[in-house]
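Visitor: I am sharing query.csv, which consists of CSV, N, CA and C atoms:
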```
chain,number,residue,atom,x,y,z
A,531,MET,N,137.2,103.0,94.0
A,531,MET,CA,137.2,103.8,95.2
A,531,MET,C,136.0,104.7,95.3
A,532,GLU,N,135.6,105.2,94.2
A,532,GLU,CA,134.4,106.1,94.3
A,532,GLU,C,133.2,105.4,94.7
A,533,TYR,N,133.0,104.1,94.3
A,533,TYR,CA,131.9,103.3,94.7
A,533,TYR,C,131.8,103.1,96.2
A,534,SER,N,133.0,102.9,96.8
A,534,SER,CA,132.9,102.7,98.3
A,534,SER,C,132.6,104.0,99.0
A,535,VAL,N,133.0,105.1,98.5
A,535,VAL,CA,132.7,106.4,99.1
A,535,VAL,C,131.2,106.6,99.0
A,536,VAL,N,130.6,106.4,97.8
A,536,VAL,CA,129.2,106.6,97.6
A,536,VAL,C,128.4,105.6,98.5
A,537,ASN,N,128.9,104.4,98.5
A,537,ASN,CA,128.2,103.4,99.3
A,537,ASN,C,128.2,103.9,100.8
A,538,GLN,N,129.3,104.4,101.3
A,538,GLN,CA,129.3,104.9,102.7
A,538,GLN,C,128.3,106.1,102.9
A,539,LEU,N,128.2,106.9,101.9
A,539,LEU,CA,127.2,108.1,102.0
A,539,LEU,C,125.8,107.6,102.0
A,540,VAL,N,125.5,106.5,101.4
A,540,VAL,CA,124.1,106.0,101.3
A,540,VAL,C,123.7,105.2,102.5
A,541,LYS,N,124.7,104.7,103.3
A,541,LYS,CA,124.4,103.8,104.4
A,541,LYS,C,123.4,104.4,105.4
A,542,PRO,N,123.5,105.7,105.8
A,542,PRO,CA,122.5,106.2,106.8
A,542,PRO,C,121.1,106.2,106.3
A,543,GLY,N,120.9,106.5,105.0
A,543,GLY,CA,119.5,106.5,104.4
A,543,GLY,C,119.0,105.1,104.3
A,544,ARG,N,119.8,104.1,104.0
A,544,ARG,CA,119.4,102.7,103.9
A,544,ARG,C,119.1,102.2,105.3
A,545,LYS,N,119.9,102.6,106.3
A,545,LYS,CA,119.6,102.2,107.6
A,545,LYS,C,118.3,102.7,108.1
A,546,LEU,N,118.0,103.9,107.9
A,546,LEU,CA,116.7,104.5,108.3
A,546,LEU,C,115.6,103.8,107.5
A,547,ALA,N,115.7,103.5,106.3
A,547,ALA,CA,114.7,102.8,105.5
A,547,ALA,C,114.4,101.4,106.1
A,548,ARG,N,115.5,100.7,106.5
A,548,ARG,CA,115.3,99.4,107.2
A,548,ARG,C,114.6,99.5,108.5
A,549,GLN,N,114.9,100.6,109.3
A,549,GLN,CA,114.3,100.8,110.5
A,549,GLN,C,112.8,101.1,110.3
A,550,GLN,N,112.5,101.9,109.3
A,550,GLN,CA,111.1,102.2,109.0
A,550,GLN,C,110.3,101.0,108.6
A,551,LEU,N,111.0,100.1,107.8
A,551,LEU,CA,110.3,98.9,107.4
A,551,LEU,C,110.0,98.0,108.6
A,552,VAL,N,111.0,97.9,109.5
A,552,VAL,CA,110.7,97.1,110.7
A,552,VAL,C,109.6,97.6,111.6
A,553,VAL,N,109.6,99.0,111.8
A,553,VAL,CA,108.5,99.6,112.5
A,553,VAL,C,107.2,99.4,111.8
A,554,SER,N,107.1,99.6,110.5
A,554,SER,CA,105.9,99.4,109.8
A,554,SER,C,105.4,98.0,109.8
A,555,LEU,N,106.2,97.0,109.7
A,555,LEU,CA,105.8,95.6,109.8
A,555,LEU,C,105.3,95.3,111.2
A,556,ALA,N,106.0,95.8,112.2
A,556,ALA,CA,105.5,95.6,113.6
A,556,ALA,C,104.2,96.2,113.8
A,557,ILE,N,104.0,97.4,113.4
A,557,ILE,CA,102.7,98.1,113.5
A,557,ILE,C,101.6,97.3,112.8
A,558,THR,N,101.9,96.9,111.6
A,558,THR,CA,100.9,96.2,110.8
A,558,THR,C,100.5,94.9,111.4
A,559,PHE,N,101.4,94.1,111.8
A,559,PHE,CA,101.1,92.8,112.4
A,559,PHE,C,100.5,92.9,113.8
A,560,SER,N,100.9,93.9,114.6
A,560,SER,CA,100.3,94.2,115.9
A,560,SER,C,98.9,94.6,115.7
A,561,SER,N,98.6,95.5,114.8
A,561,SER,CA,97.3,95.9,114.5
A,561,SER,C,96.4,94.7,114.0
A,562,ALA,N,96.9,93.9,113.2
A,562,ALA,CA,96.1,92.8,112.7
A,562,ALA,C,95.8,91.8,113.8
A,563,ILE,N,96.8,91.5,114.7
A,563,ILE,CA,96.5,90.6,115.8
A,563,ILE,C,95.5,91.2,116.7
A,564,ILE,N,95.6,92.5,117.0
A,564,ILE,CA,94.6,93.1,117.9
A,564,ILE,C,93.2,93.1,117.3
A,565,MET,N,93.1,93.4,116.0
A,565,MET,CA,91.9,93.4,115.3
A,565,MET,C,91.3,92.0,115.2
A,566,TYR,N,92.1,91.0,115.0
A,566,TYR,CA,91.7,89.6,115.0
A,566,TYR,C,91.1,89.2,116.4
A,567,LEU,N,91.8,89.5,117.4
A,567,LEU,CA,91.4,89.1,118.8
A,567,LEU,C,90.1,89.8,119.2
A,568,CYS,N,90.0,91.1,118.8
A,568,CYS,CA,88.8,91.8,119.2
A,568,CYS,C,87.6,91.7,118.3
A,569,TRP,N,87.8,91.6,117.0
A,569,TRP,CA,86.7,91.7,116.0
A,569,TRP,C,86.7,90.6,115.0
A,570,GLY,N,87.7,89.8,114.9
A,570,GLY,CA,87.7,88.7,114.0
A,570,GLY,C,88.5,88.8,112.7
A,571,VAL,N,88.4,87.8,111.9
A,571,VAL,CA,89.3,87.6,110.7
A,571,VAL,C,89.1,88.8,109.7
A,572,SER,N,87.9,89.2,109.4
A,572,SER,CA,87.7,90.2,108.4
A,572,SER,C,88.4,91.5,108.8
A,573,PHE,N,88.3,91.9,110.1
A,573,PHE,CA,89.0,93.1,110.5
A,573,PHE,C,90.5,92.9,110.4
A,574,ALA,N,91.0,91.7,110.8
A,574,ALA,CA,92.5,91.5,110.7
A,574,ALA,C,93.0,91.6,109.2
A,575,GLN,N,92.2,91.0,108.3
A,575,GLN,CA,92.6,91.0,106.9
A,575,GLN,C,92.6,92.4,106.4
A,576,SER,N,91.6,93.2,106.8
A,576,SER,CA,91.6,94.6,106.4
A,576,SER,C,92.8,95.4,106.9
A,577,ALA,N,93.1,95.1,108.2
A,577,ALA,CA,94.3,95.8,108.8
A,577,ALA,C,95.6,95.4,108.0
A,578,LEU,N,95.7,94.1,107.7
A,578,LEU,CA,96.9,93.7,106.9
A,578,LEU,C,96.9,94.4,105.5
A,579,ALA,N,95.8,94.5,104.9
A,579,ALA,CA,95.7,95.1,103.6
A,579,ALA,C,96.1,96.6,103.7
A,580,GLY,N,95.6,97.3,104.7
A,580,GLY,CA,96.0,98.7,104.9
A,580,GLY,C,97.4,98.9,105.2
A,581,GLY,N,98.0,98.0,106.0
A,581,GLY,CA,99.4,98.1,106.3
A,581,GLY,C,100.3,97.8,105.0
A,582,ALA,N,99.9,96.8,104.3
A,582,ALA,CA,100.6,96.5,103.1
A,582,ALA,C,100.6,97.6,102.1
A,583,ILE,N,99.5,98.3,102.0
A,583,ILE,CA,99.4,99.4,101.0
A,583,ILE,C,100.3,100.5,101.4
A,584,SER,N,100.6,100.7,102.7
A,584,SER,CA,101.5,101.7,103.1
A,584,SER,C,103.0,101.2,103.0
A,585,ILE,N,103.2,99.9,103.2
A,585,ILE,CA,104.6,99.4,103.3
A,585,ILE,C,105.2,99.2,101.9
A,586,ILE,N,104.4,98.5,101.0
A,586,ILE,CA,105.0,98.2,99.7
A,586,ILE,C,105.5,99.4,98.9
A,587,PRO,N,104.7,100.5,98.8
A,587,PRO,CA,105.3,101.6,98.1
A,587,PRO,C,106.5,102.2,98.7
A,588,ASN,N,106.6,102.2,100.1
A,588,ASN,CA,107.8,102.7,100.8
A,588,ASN,C,109.0,101.9,100.5
A,589,VAL,N,108.9,100.6,100.3
A,589,VAL,CA,110.0,99.7,100.0
A,589,VAL,C,110.5,100.1,98.6
A,590,PHE,N,109.6,100.3,97.6
A,590,PHE,CA,110.1,100.7,96.3
A,590,PHE,C,110.7,102.1,96.3
A,591,PHE,N,110.2,103.0,97.1
A,591,PHE,CA,110.8,104.3,97.2
A,591,PHE,C,112.2,104.2,97.8
A,592,ALA,N,112.4,103.5,98.9
A,592,ALA,CA,113.7,103.4,99.5
A,592,ALA,C,114.7,102.8,98.6
A,593,TYR,N,114.3,101.8,97.8
A,593,TYR,CA,115.2,101.2,96.8
A,593,TYR,C,115.6,102.2,95.8
A,594,LYS,N,114.7,103.0,95.3
A,594,LYS,CA,115.0,103.9,94.2
A,594,LYS,C,115.7,105.1,94.8
A,595,ALA,N,115.3,105.6,96.0
A,595,ALA,CA,115.8,106.9,96.5
A,595,ALA,C,117.3,106.8,97.0
A,596,PHE,N,117.7,105.6,97.5
A,596,PHE,CA,119.0,105.5,98.1
A,596,PHE,C,120.0,104.8,97.2
A,597,LYS,N,119.9,105.0,95.9
A,597,LYS,CA,120.8,104.4,95.0
A,597,LYS,C,122.1,105.2,94.9
A,598,TYR,N,122.0,106.6,95.0
A,598,TYR,CA,123.1,107.4,94.8
A,598,TYR,C,123.3,108.4,96.0
A,599,ALA,N,124.5,108.9,96.1
A,599,ALA,CA,124.8,109.9,97.1
A,599,ALA,C,126.1,110.6,96.7
A,600,GLY,N,126.3,111.7,97.3
A,600,GLY,CA,127.5,112.5,97.1
A,600,GLY,C,127.3,113.7,96.1
A,601,ALA,N,128.2,114.6,96.3
A,601,ALA,CA,128.2,115.9,95.5
A,601,ALA,C,128.3,115.6,94.0
A,602,SER,N,129.2,114.6,93.6
A,602,SER,CA,129.3,114.4,92.2
A,602,SER,C,128.1,113.7,91.6
A,603,SER,N,127.2,113.2,92.4
A,603,SER,CA,126.0,112.5,91.9
A,603,SER,C,124.8,113.3,92.3
A,604,SER,N,124.9,114.6,92.6
A,604,SER,CA,123.7,115.3,93.1
A,604,SER,C,122.5,115.3,92.1
A,605,LYS,N,122.8,115.4,90.8
A,605,LYS,CA,121.7,115.3,89.9
A,605,LYS,C,121.0,113.9,90.0
A,606,LYS,N,121.8,112.9,90.0
A,606,LYS,CA,121.3,111.5,90.1
A,606,LYS,C,120.5,111.3,91.4
A,607,VAL,N,121.0,111.9,92.5
A,607,VAL,CA,120.3,111.8,93.8
A,607,VAL,C,118.9,112.4,93.7
A,608,MET,N,118.8,113.6,93.2
A,608,MET,CA,117.5,114.3,93.0
A,608,MET,C,116.6,113.5,92.1
A,609,GLU,N,117.1,113.1,91.0
A,609,GLU,CA,116.3,112.3,90.1
A,609,GLU,C,115.8,111.0,90.7
A,610,SER,N,116.7,110.4,91.5
A,610,SER,CA,116.2,109.1,92.1
A,610,SER,C,115.2,109.4,93.2
A,611,PHE,N,115.3,110.5,93.9
A,611,PHE,CA,114.3,110.8,94.9
A,611,PHE,C,113.0,111.1,94.3
A,612,TYR,N,113.0,112.0,93.3
A,612,TYR,CA,111.8,112.4,92.6
A,612,TYR,C,111.2,111.1,91.9
A,613,GLY,N,112.0,110.3,91.3
A,613,GLY,CA,111.5,109.1,90.6
A,613,GLY,C,110.9,108.1,91.6
A,614,GLY,N,111.6,108.0,92.8
A,614,GLY,CA,111.1,107.2,93.9
A,614,GLY,C,109.7,107.6,94.4
A,615,GLU,N,109.6,109.0,94.5
A,615,GLU,CA,108.3,109.5,95.1
A,615,GLU,C,107.2,109.3,94.1
A,616,LYS,N,107.5,109.5,92.8
A,616,LYS,CA,106.5,109.2,91.8
A,616,LYS,C,106.0,107.8,91.8
A,617,ILE,N,107.0,106.9,91.9
A,617,ILE,CA,106.6,105.4,92.0
A,617,ILE,C,105.8,105.2,93.2
A,618,LYS,N,106.2,105.8,94.3
A,618,LYS,CA,105.5,105.6,95.6
A,618,LYS,C,104.0,106.0,95.5
A,619,LEU,N,103.8,107.2,95.0
A,619,LEU,CA,102.5,107.8,94.9
A,619,LEU,C,101.6,107.0,93.9
A,620,GLY,N,102.2,106.6,92.8
A,620,GLY,CA,101.5,105.8,91.8
A,620,GLY,C,101.1,104.5,92.3
A,621,LEU,N,102.1,103.8,92.9
A,621,LEU,CA,101.8,102.5,93.4
A,621,LEU,C,100.8,102.5,94.6
A,622,THR,N,100.9,103.5,95.4
A,622,THR,CA,99.9,103.6,96.5
A,622,THR,C,98.5,103.8,95.9
A,623,ALA,N,98.3,104.6,94.9
A,623,ALA,CA,97.0,104.8,94.3
A,623,ALA,C,96.5,103.5,93.6
A,624,LEU,N,97.5,102.8,92.9
A,624,LEU,CA,97.1,101.5,92.3
A,624,LEU,C,96.7,100.5,93.3
A,625,LEU,N,97.5,100.4,94.4
A,625,LEU,CA,97.1,99.4,95.4
A,625,LEU,C,95.8,99.7,96.1
A,626,PHE,N,95.5,101.0,96.3
A,626,PHE,CA,94.2,101.3,96.9
A,626,PHE,C,93.1,100.9,95.9
A,627,ALA,N,93.3,101.2,94.6
A,627,ALA,CA,92.3,100.8,93.6
A,627,ALA,C,92.1,99.3,93.6
A,628,LEU,N,93.2,98.6,93.6
A,628,LEU,CA,93.1,97.1,93.5
A,628,LEU,C,92.4,96.5,94.8
A,629,ALA,N,92.7,97.1,95.9
A,629,ALA,CA,92.1,96.7,97.2
A,629,ALA,C,90.6,96.9,97.2
A,630,PHE,N,90.2,98.1,96.8
A,630,PHE,CA,88.8,98.4,96.7
A,630,PHE,C,88.0,97.6,95.7
A,631,LYS,N,88.7,97.2,94.6
A,631,LYS,CA,88.0,96.4,93.6
A,631,LYS,C,88.0,94.9,93.9
A,632,PHE,N,89.0,94.4,94.4
A,632,PHE,CA,89.1,92.9,94.6
A,632,PHE,C,89.0,92.4,96.0
A,633,LEU,N,89.1,93.2,97.0
A,633,LEU,CA,89.1,92.7,98.4
A,633,LEU,C,87.8,93.2,99.1
A,634,VAL,N,87.4,92.4,100.0
A,634,VAL,CA,86.3,92.9,100.8
A,634,VAL,C,86.9,93.6,102.0
A,635,ILE,N,86.8,94.9,102.0
A,635,ILE,CA,87.5,95.7,103.0
A,635,ILE,C,86.5,96.2,104.1
A,636,MET,N,87.0,96.1,105.3
A,636,MET,CA,86.3,96.8,106.4
A,636,MET,C,87.0,98.1,106.6
A,637,PRO,N,86.3,99.2,106.3
A,637,PRO,CA,87.0,100.5,106.2
A,637,PRO,C,87.7,101.0,107.4
A,638,LEU,N,87.1,100.8,108.6
A,638,LEU,CA,87.8,101.3,109.8
A,638,LEU,C,89.1,100.7,110.1
A,639,PRO,N,89.3,99.3,110.2
A,639,PRO,CA,90.6,98.8,110.4
A,639,PRO,C,91.6,99.0,109.3
A,640,PHE,N,91.0,99.1,108.0
A,640,PHE,CA,91.9,99.3,106.9
A,640,PHE,C,92.5,100.7,106.9
A,641,PHE,N,91.7,101.7,107.1
A,641,PHE,CA,92.3,103.1,107.2
A,641,PHE,C,93.1,103.4,108.5
A,642,ILE,N,92.6,102.8,109.6
A,642,ILE,CA,93.3,103.0,110.8
A,642,ILE,C,94.7,102.5,110.7
A,643,THR,N,94.9,101.3,110.2
A,643,THR,CA,96.2,100.7,110.1
A,643,THR,C,97.0,101.4,109.1
A,644,PHE,N,96.4,101.8,108.0
A,644,PHE,CA,97.2,102.5,107.0
A,644,PHE,C,97.8,103.8,107.6
A,645,PHE,N,96.9,104.6,108.2
A,645,PHE,CA,97.4,105.9,108.8
A,645,PHE,C,98.4,105.7,109.9
A,646,ILE,N,98.2,104.7,110.8
A,646,ILE,CA,99.1,104.4,111.9
A,646,ILE,C,100.5,104.0,111.3
A,647,VAL,N,100.5,103.2,110.2
A,647,VAL,CA,101.8,102.8,109.6
A,647,VAL,C,102.5,104.1,109.0
A,648,VAL,N,101.7,104.9,108.3
A,648,VAL,CA,102.3,106.1,107.8
A,648,VAL,C,102.9,107.0,108.9
A,649,ILE,N,102.1,107.2,109.9
A,649,ILE,CA,102.6,108.0,111.1
A,649,ILE,C,103.8,107.3,111.7
A,650,GLY,N,103.8,106.0,111.9
A,650,GLY,CA,104.9,105.3,112.4
A,650,GLY,C,106.2,105.5,111.6
A,651,SER,N,106.0,105.5,110.3
A,651,SER,CA,107.2,105.7,109.4
A,651,SER,C,107.8,107.1,109.6
A,652,LEU,N,106.9,108.1,109.8
A,652,LEU,CA,107.4,109.4,110.0
A,652,LEU,C,108.1,109.6,111.3
A,653,LEU,N,107.6,108.8,112.3
A,653,LEU,CA,108.2,109.0,113.7
A,653,LEU,C,109.4,108.1,113.9
A,654,THR,N,109.7,107.2,113.0
A,654,THR,CA,110.8,106.3,113.2
A,654,THR,C,112.1,106.9,113.6
A,655,PRO,N,112.5,108.0,112.9
A,655,PRO,CA,113.8,108.7,113.3
A,655,PRO,C,113.8,109.1,114.8
A,656,VAL,N,112.7,109.6,115.2
A,656,VAL,CA,112.6,110.0,116.6
A,656,VAL,C,112.6,108.8,117.6
A,657,LEU,N,112.0,107.7,117.2
A,657,LEU,CA,111.9,106.5,118.0
A,657,LEU,C,113.3,105.9,118.2
A,658,PHE,N,114.1,105.9,117.1
A,658,PHE,CA,115.4,105.3,117.1
A,658,PHE,C,116.5,106.2,117.7
A,659,LYS,N,116.2,107.4,117.9
A,659,LYS,CA,117.2,108.3,118.6
A,659,LYS,C,117.1,108.2,120.1
A,660,LEU,N,116.0,107.7,120.6
A,660,LEU,CA,115.9,107.5,122.1
A,660,LEU,C,116.7,106.4,122.6
```
Just give me the structure of the file as structure tokens.

Guide:
Amino acid sequence: MEYSVVNQLVKPGRKLARQQLVVSLAITFSSAIIMYLCWGVSFAQSALAGGAISIIPNVFFAYKAFKYAGASSSKKVMESFYGGEKIKLGLTALLFALAFKFLVIMPLPFFITFFIVVIGSLLTPVLFKL
């Protein structure tokens, strides 16, 4: 019985994480298509890389952060959020380093898409309330 109660408490967080993933993917692919149509393949690839560097760590964070819920699990909730945030920051740094080392990046589309995806994730709760 406790599992179903905890599962119910975690549902809103997981729903928001799914919504953020959908918004992030839509922004990334829209940006890549626009970049491709206006400036070509290298800009589109850079936009995809920037979006992926924002999305992948967020997926790991959501998985880690929304494992636990409820007052009886408050310590586990905090540990999972802090652990998820550490993974997110470390993975973001690692992905940036790998992208700069192994990919030919066009800086403008790369950073524009990265920042738009980050902002889109932050605005998702507002967008889905409308």

Visitor: Skipping near chain neighbours, those fewer than 6 positions away, what residues fall within 6 Å of Pro639 in chain A using all atoms listed in the file, listed as a PyMOL selection string?

Guide: chain A and resi 573+576-577

Visitor: With only C-alpha atoms as the counted atoms, please give the residues lying no more than 9 Å from range 591-597 of chain A, apart from itself and same-chain residues fewer than 4 positions off, as a PyMOL selection string.

Guide: chain A and resi 537+540-541+543-544+547-548+586-587+606-618

Visitor: For range 552-557 of chain A, please output as a PyMOL selection string all residues within 7 Å (counting only N, CA and C atoms; exclusion window: fewer than 6 positions along the same chain).

Guide: chain A and resi 581+585+643+646-647+650-651

Visitor: Could you please determine the separation between CA of Val648 in chain A and CA of Leu624 in chain A in Å, to one decimal place?

Guide: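 Computing the Euclidean distance for CA of Val648 in chain A and CA of Leu624 in chain A yields 17.0 Å.
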